[in-house]
Amino acid sequence: MFYTIPASLAAEIDELESLVHQFQSGRLDPTAFKARRVPFGVYEQRQDNTFMVRVRCPGGAITPRQLKEVAELSQVYGAETLHITTRQELQLHDVALPNVVPILRRLLSVGLATRGGGGNTVRNITAAFDAGVAKDEIFDVSPYVFALTSRLIDEPDSWLLPRKYKIAFANSEKDSIHAVFNDLGFIAIQQKGVSGFAVYVAGGMGTKPQVGHLLHEFIAEAEVYLVAEAVKRVFNQHGNRKNRHAARLRFLWNSLGEAKFRELYQQELDELRRQASAPLTLPPQRKLPAPVTIAAVREPSSDFQLWRSRFASAQKQPGLYLVLVPIFLGNLANEHALALADFLLPLGDDVLRATIDQNLCLRNIPEAYLGNVHALVKSITCLASEPRWFGSSVACTGAATCKLGICLPRGALAAITKKLQAASLDWDRLADFKMNLSGCPNTCGAHLTADLGFFGKVARNGQTPYPAYGIVAGAKLGHGKARLAELVGEVSARDLPAFVVEFLKSYLEQSSRFASFTDYFEQQGRQDLRALCEKHRIIPGFDDDKNYYYDWGATEIFSLAGRGVGECSAGLFDLIEVDLKNVRTLRTELGTVSPGSKRDEILDELALSAARMLLITRGVEAHSEAEVFTQFRRHFIESGLVAAKYLPLVEAAQRKDTAHLRAQSADVLSLAQTVEELYGKMDNSMRFPGESAQPPGPAEPKPPRPPAPFAERDLRGVLCPMNFVKTKLALEGLSVGQRLRILLDDGAPIQNVPRSVAEEGHTIVEQIKTGGHWAVIIEKR
């Protein structure tokens, strides 16, 4: 066992069992049930009423016996695979609700807990997977991870925080665990011969990611708990509990300002010192097990030697080895987990860690048994015969299961890997290169910490959306020098595999001139990436090549239908950003071209992009260029949001009057600037300054009629995010307490729109299926 489970957990599981019964009998509201189960790491997966259970593994540590138990539970109650997370946990998927509590009890029997696997809690504390065995580490941080876990999860306020609280420990200044990107990060250092930690605070990924701020240049080892507890208290007392989207610790740092945050933190730290709070009680150092007798497999083959050079490294303990086991996308088949556990059982408890790259790492393996490990690993993963960095690439689930996802990064990574394998280049020369993918701008796939990263987004070719990826590169890790990757361009999802191979091939051809990939990026790579983006900028029309309008692994044409709550908003703003980017690019180009046909084309496209940019905020989806200008005139000029002086210009653009646009080019630029400024003033309810809550009505006013018990909108046949936008606009026209009745298609619309509306604070009063559609009644809050 690596950590101590609170004595109260068994009783809490009993209470959860009672809540499950109440929920199943209809006596417990779904929202209340969710609030109680999520802190146990129990998440609803999809609409089929199955659940995911997340198992706490501090520092990724789990014993072979525990792994065997988790795999057996998954085999009996869950999916065919276990999942390794980017926070070094294990997840069981596809669990029926009646089986959740039996699973929690069996996990408890082998010293595992799920408490803190979700919700506004102290999450799994991460640590370098080679902590305790790496030759270049400052010291072993594992005891601090286990002790701090045991201490914090036994404190009641650890379960009632404003948002999640993530902590990480690095065992050297290179910070392989990304401690600086956590809410609280400890980096092992030595100062004047004394071991201790540099401490970073308020880092994080997700929306508005940022590198953590140096809180302490050095603290003694005995102060780890005081620091973690003081930061937790500041967060608990001053964090934003009203808006969960601005509730992480980094938002508190930014809202308070550095000086005020440090003042509050120091007050809490001084109080803890005054109270003489006890330091952590570190677990005793684990002794290596006595030698065991296993029939050693001798493998003198070149295949074995290549594998060993890639995945095995000598520990600081003589004769023992660390072995990375790459698991594609973190999905480990139950039978493979069982085989691995059975092999490791005779070797002791401290022989296995999960990594933040969603792999497994064996440790304390005698050199004589490397052949055995090789034989086993070959049967577990096809990545055992590939370069090490292939298995270290991370891709989140994206739109396949995540309500925030836009693209399908796992399908994209599979396509990239296939393309790399076919390229017949010496990819081993890239050594520890990092390539990560996320399905949306949020950073669940850690794309901003990679050498080369990608995030899913919506792009548009004319009026047709297609899946694309933003490209970031050049992240740095390490104490005192960390930085997030920077945005360099975008590429269609279809071209992404070819793009990656072209870029990495170019880098390999030039790599001898640079000390590292970071040096290459700073001196030449940034320009190379931008040139490749330009090469792939133009994609075929839908009728010329439909493949560009399908995502990798998708069977349907790409659209925003079927996405969840966050994606409705993400897709909405993504489409706006497409036109905004085009407006800015065209303005720049206009200043570089001479009068002629090219300049005329730019003026025409600039007027179109400016007029189209904000139409989606009015619930309008124009299907032709002429309709774009008609709707812009109605919703923005006639409403007074845009000055009437632009009306002749808009009418000229609608009738393709090139001479007028040419003569009034200054007005075209002014219109584009006006629309961009208007977007900057738009609030979260998609309203503009001076605009009433009531969205623009029809051009021709209708005669008054008796008030209905509720407003109605027929949204059948309307795709996401437009159905969500139209619902949002309709609610804006109501007063608090009034109700809206909407009609939605079966499938993705009914799955996503009510959930999106509920996330904005409104109440779903009723959902009734009638024929092939649904009637949903919403009460405005």
# chains A, B, ... in the order shown; residues from 1 in each chain; ligands from 1
$ residues_around --residues "Ser277 in chain A" --least-positions-apart "2" --cutoff "12 Å" --atoms "only C-alpha atoms" --output "CSV table (one decimal) with N, CA, C and O atoms, in the first residue's frame"
chain,number,residue,atom,x,y,z
A,151,ARG,N,-2.5,12.7,4.2
A,151,ARG,CA,-2.8,13.8,5.1
A,151,ARG,C,-4.0,14.6,4.5
A,151,ARG,O,-5.0,14.8,5.2
A,222,ALA,N,10.6,19.7,5.5
A,222,ALA,CA,9.6,19.6,6.5
A,222,ALA,C,8.4,20.5,6.3
A,222,ALA,O,7.4,20.4,7.1
A,223,GLU,N,8.5,21.5,5.4
A,223,GLU,CA,7.4,22.5,5.2
A,223,GLU,C,6.5,22.1,4.1
A,223,GLU,O,5.6,23.0,3.8
A,224,VAL,N,6.6,21.0,3.5
A,224,VAL,CA,5.7,20.6,2.3
A,224,VAL,C,4.2,20.7,2.7
A,224,VAL,O,3.4,21.3,2.0
A,225,TYR,N,3.9,20.1,3.9
A,225,TYR,CA,2.5,20.1,4.2
A,225,TYR,C,2.0,21.5,4.5
A,225,TYR,O,0.9,21.9,4.1
A,226,LEU,N,2.8,22.3,5.2
A,226,LEU,CA,2.4,23.7,5.6
A,226,LEU,C,2.1,24.5,4.3
A,226,LEU,O,1.1,25.2,4.3
A,227,VAL,N,2.9,24.4,3.3
A,227,VAL,CA,2.7,25.1,2.1
A,227,VAL,C,1.4,24.7,1.4
A,227,VAL,O,0.6,25.5,0.9
A,229,GLU,N,-1.2,23.1,2.6
A,229,GLU,CA,-2.4,23.4,3.3
A,229,GLU,C,-2.7,24.9,3.3
A,229,GLU,O,-3.8,25.3,3.2
A,230,ALA,N,-1.6,25.7,3.4
A,230,ALA,CA,-1.9,27.2,3.3
A,230,ALA,C,-2.5,27.6,2.0
A,230,ALA,O,-3.4,28.4,2.0
A,268,GLU,N,-2.0,32.6,6.2
A,268,GLU,CA,-2.4,31.2,6.5
A,268,GLU,C,-1.1,30.4,6.9
A,268,GLU,O,-1.2,29.6,7.8
A,269,LEU,N,0.0,30.7,6.2
A,269,LEU,CA,1.2,30.0,6.6
A,269,LEU,C,1.7,30.3,8.0
A,269,LEU,O,2.1,29.4,8.8
A,270,ASP,N,1.6,31.6,8.3
A,270,ASP,CA,2.0,32.0,9.7
A,270,ASP,C,1.1,31.4,10.7
A,270,ASP,O,1.5,31.0,11.8
A,271,GLU,N,-0.2,31.3,10.4
A,271,GLU,CA,-1.2,30.7,11.4
A,271,GLU,C,-0.9,29.2,11.6
A,271,GLU,O,-0.9,28.7,12.7
A,272,LEU,N,-0.6,28.5,10.5
A,272,LEU,CA,-0.2,27.1,10.6
A,272,LEU,C,1.0,26.9,11.4
A,272,LEU,O,1.1,26.0,12.3
A,273,ARG,N,2.0,27.8,11.2
A,273,ARG,CA,3.2,27.7,12.0
A,273,ARG,C,2.9,28.0,13.5
A,273,ARG,O,3.5,27.4,14.4
A,274,ARG,N,2.1,29.0,13.7
A,274,ARG,CA,1.7,29.3,15.1
A,274,ARG,C,1.0,28.2,15.8
A,274,ARG,O,1.2,27.9,17.0
A,275,GLN,N,0.2,27.4,15.0
A,275,GLN,CA,-0.5,26.3,15.6
A,275,GLN,C,0.4,25.1,15.7
A,275,GLN,O,0.0,24.0,16.2
A,279,PRO,N,4.6,18.3,10.7
A,279,PRO,CA,5.0,18.1,9.4
A,279,PRO,C,4.5,16.7,8.9
A,279,PRO,O,3.9,15.9,9.7
A,280,LEU,N,4.7,16.4,7.7
A,280,LEU,CA,4.3,15.1,7.1
A,280,LEU,C,5.1,14.0,7.8
A,280,LEU,O,6.3,14.1,8.2
A,281,THR,N,4.4,12.9,8.0
A,281,THR,CA,5.0,11.6,8.5
A,281,THR,C,5.3,10.8,7.3
A,281,THR,O,4.4,10.2,6.7
$ residues_around --residues "range 351-360 of chain A" --least-positions-apart "2" --cutoff "7 Å" --atoms "only C-alpha atoms" --output "ChimeraX atom specification"
/A:60-63,84-88,129,324-327,329-330,348-349,362-364,392-394
$ select_by_dssp --residues "range 446-660 of chain A" --states "alpha helix (DSSP H)" --output "number ranges by chain"
A: 496-510, 517-520, 526-535, 565-590, 597-612, 625-632, 647-654, 658-660
$ atom_distance --atom1 "CA of Ile471 in chain A" --atom2 "CA of Phe455 in chain A"
6.9 Å
$ residues_around --residues "range 193-199 of chain A" --least-positions-apart "3" --cutoff "9 Å" --atoms "only C-alpha atoms" --output "ChimeraX atom specification"
/A:138-139,179-180,184-190,213-224,227,479
$ residues_around --residues "Leu484 in chain A" --least-positions-apart "5" --cutoff "7 Å" --atoms "only C-alpha atoms" --output "VMD selection string"
chain A and resid 448 to 449 475 to 476
$ residues_around --residues "range 532-546 of chain A" --least-positions-apart "3" --cutoff "9 Å" --atoms "only C-alpha atoms" --output "list in words"
Asn461, Gly462, Thr464, Ile471, Val488, Gly489, Glu490, Val491, Ser492, Asp495, Phe499, Glu502, Phe503, Gln527, Asp528, Leu529, Tyr549, Tyr550 and Ile557 of chain A
$ closest_residue --among "A:Lys135, A:His93, A:Arg286, A:Arg741" --to "Glu766 in chain A" --atoms "only C-alpha atoms"
A:Arg741
$ atom_distance --atom1 "CA of Arg612 in chain A" --atom2 "CA of Val642 in chain A"
13.3 Å
$ closest_residue --among "A:Ile768, A:Leu112, A:Leu322, A:Ala758" --to "Cys57 in chain A" --atoms "only C-alpha atoms"
A:Leu112
$ decode --residues "range 479-495 of chain A" --atoms "all heavy atoms" --output "CSV table (one decimal), in the first residue's frame"
chain,number,residue,atom,x,y,z
A,479,HIS,N,12.6,24.1,-14.2
A,479,HIS,CA,12.6,25.1,-13.1
A,479,HIS,C,13.2,26.4,-13.6
A,479,HIS,O,14.4,26.5,-14.1
A,479,HIS,CB,13.4,24.6,-11.9
A,479,HIS,CG,13.6,25.5,-10.8
A,479,HIS,ND1,12.7,26.5,-10.4
A,479,HIS,CD2,14.7,25.7,-9.9
A,479,HIS,CE1,13.1,27.2,-9.4
A,479,HIS,NE2,14.3,26.7,-9.1
A,480,GLY,N,12.4,27.5,-13.6
A,480,GLY,CA,12.9,28.8,-14.0
A,480,GLY,C,12.9,29.1,-15.5
A,480,GLY,O,13.3,30.2,-15.9
A,481,LYS,N,12.5,28.1,-16.3
A,481,LYS,CA,12.6,28.4,-17.8
A,481,LYS,C,11.4,27.8,-18.5
A,481,LYS,O,11.4,27.7,-19.8
A,481,LYS,CB,13.9,27.8,-18.4
A,481,LYS,CG,14.0,26.3,-18.1
A,481,LYS,CD,15.4,25.8,-18.6
A,481,LYS,CE,15.6,24.3,-18.4
A,481,LYS,NZ,16.9,23.9,-18.8
A,482,ALA,N,10.3,27.5,-17.8
A,482,ALA,CA,9.2,26.9,-18.5
A,482,ALA,C,8.4,27.9,-19.3
A,482,ALA,O,8.3,29.1,-18.9
A,482,ALA,CB,8.2,26.3,-17.4
A,483,ARG,N,7.8,27.5,-20.4
A,483,ARG,CA,7.0,28.3,-21.2
A,483,ARG,C,6.0,27.4,-22.0
A,483,ARG,O,6.3,26.2,-22.3
A,483,ARG,CB,7.8,29.1,-22.2
A,483,ARG,CG,8.3,28.4,-23.4
A,483,ARG,CD,9.0,29.2,-24.4
A,483,ARG,NE,9.5,28.4,-25.5
A,483,ARG,CZ,10.5,28.8,-26.3
A,483,ARG,NH1,11.1,29.9,-26.1
A,483,ARG,NH2,10.8,28.0,-27.3
A,484,LEU,N,4.8,27.9,-22.3
A,484,LEU,CA,3.8,27.2,-23.1
A,484,LEU,C,4.2,27.3,-24.5
A,484,LEU,O,4.9,28.2,-25.0
A,484,LEU,CB,2.5,27.8,-22.8
A,484,LEU,CG,1.9,27.7,-21.4
A,484,LEU,CD1,0.7,28.5,-21.3
A,484,LEU,CD2,1.6,26.2,-21.1
A,485,ALA,N,3.8,26.3,-25.3
A,485,ALA,CA,4.0,26.3,-26.7
A,485,ALA,C,3.2,27.5,-27.3
A,485,ALA,O,2.2,27.9,-26.8
A,485,ALA,CB,3.5,25.0,-27.4
A,486,GLU,N,3.7,28.0,-28.4
A,486,GLU,CA,3.1,29.2,-29.1
A,486,GLU,C,2.4,28.8,-30.3
A,486,GLU,O,2.7,27.8,-31.0
A,486,GLU,CB,4.1,30.3,-29.4
A,486,GLU,CG,5.1,29.9,-30.5
A,486,GLU,CD,6.1,31.1,-30.8
A,486,GLU,OE1,7.0,31.3,-29.9
A,486,GLU,OE2,5.9,31.7,-31.8
A,487,LEU,N,1.3,29.5,-30.6
A,487,LEU,CA,0.5,29.2,-31.8
A,487,LEU,C,1.3,29.7,-33.1
A,487,LEU,O,1.8,30.8,-33.2
A,487,LEU,CB,-0.8,30.0,-31.7
A,487,LEU,CG,-1.8,29.8,-32.9
A,487,LEU,CD1,-2.3,28.4,-32.9
A,487,LEU,CD2,-3.0,30.8,-32.7
A,488,VAL,N,1.3,28.8,-34.1
A,488,VAL,CA,2.0,29.1,-35.3
A,488,VAL,C,1.1,29.0,-36.6
A,488,VAL,O,1.5,29.5,-37.6
A,488,VAL,CB,3.3,28.2,-35.5
A,488,VAL,CG1,4.3,28.6,-34.4
A,488,VAL,CG2,2.9,26.8,-35.5
A,489,GLY,N,0.0,28.4,-36.5
A,489,GLY,CA,-0.9,28.3,-37.6
A,489,GLY,C,-2.0,27.2,-37.5
A,489,GLY,O,-2.3,26.8,-36.3
A,490,GLU,N,-2.5,26.8,-38.6
A,490,GLU,CA,-3.5,25.7,-38.6
A,490,GLU,C,-3.5,24.9,-39.8
A,490,GLU,O,-2.9,25.3,-40.8
A,490,GLU,CB,-4.9,26.3,-38.4
A,490,GLU,CG,-5.4,27.2,-39.5
A,490,GLU,CD,-6.8,27.7,-39.3
A,490,GLU,OE1,-7.0,28.5,-38.4
A,490,GLU,OE2,-7.7,27.3,-40.1
A,491,VAL,N,-4.1,23.7,-39.8
A,491,VAL,CA,-4.1,22.8,-40.9
A,491,VAL,C,-5.4,22.0,-40.8
A,491,VAL,O,-5.9,21.7,-39.8
A,491,VAL,CB,-2.8,21.9,-40.9
A,491,VAL,CG1,-2.8,20.9,-39.7
A,491,VAL,CG2,-2.7,21.1,-42.2
A,492,SER,N,-5.9,21.6,-42.0
A,492,SER,CA,-7.1,20.7,-42.0
A,492,SER,C,-6.7,19.4,-41.3
A,492,SER,O,-5.6,18.9,-41.4
A,492,SER,CB,-7.5,20.5,-43.4
A,492,SER,OG,-6.7,19.6,-44.1
A,493,ALA,N,-7.7,18.7,-40.7
A,493,ALA,CA,-7.5,17.4,-40.1
A,493,ALA,C,-7.0,16.4,-41.1
A,493,ALA,O,-6.2,15.6,-40.9
A,493,ALA,CB,-8.8,17.0,-39.5
A,494,ARG,N,-7.6,16.5,-42.4
A,494,ARG,CA,-7.2,15.5,-43.4
A,494,ARG,C,-5.7,15.6,-43.7
A,494,ARG,O,-5.0,14.6,-44.0
A,494,ARG,CB,-8.1,15.8,-44.6
A,494,ARG,CG,-7.8,14.9,-45.8
A,494,ARG,CD,-7.9,13.4,-45.5
A,494,ARG,NE,-9.1,13.1,-44.8
A,494,ARG,CZ,-9.5,11.8,-44.5
A,494,ARG,NH1,-8.7,10.8,-44.9
A,494,ARG,NH2,-10.6,11.6,-43.9
A,495,ASP,N,-5.2,16.9,-43.8
A,495,ASP,CA,-3.8,17.1,-44.1
A,495,ASP,C,-2.8,16.9,-43.0
A,495,ASP,O,-1.6,16.9,-43.1
A,495,ASP,CB,-3.6,18.5,-44.7
A,495,ASP,CG,-4.1,18.6,-46.1
A,495,ASP,OD1,-4.1,17.6,-46.8
A,495,ASP,OD2,-4.6,19.7,-46.5
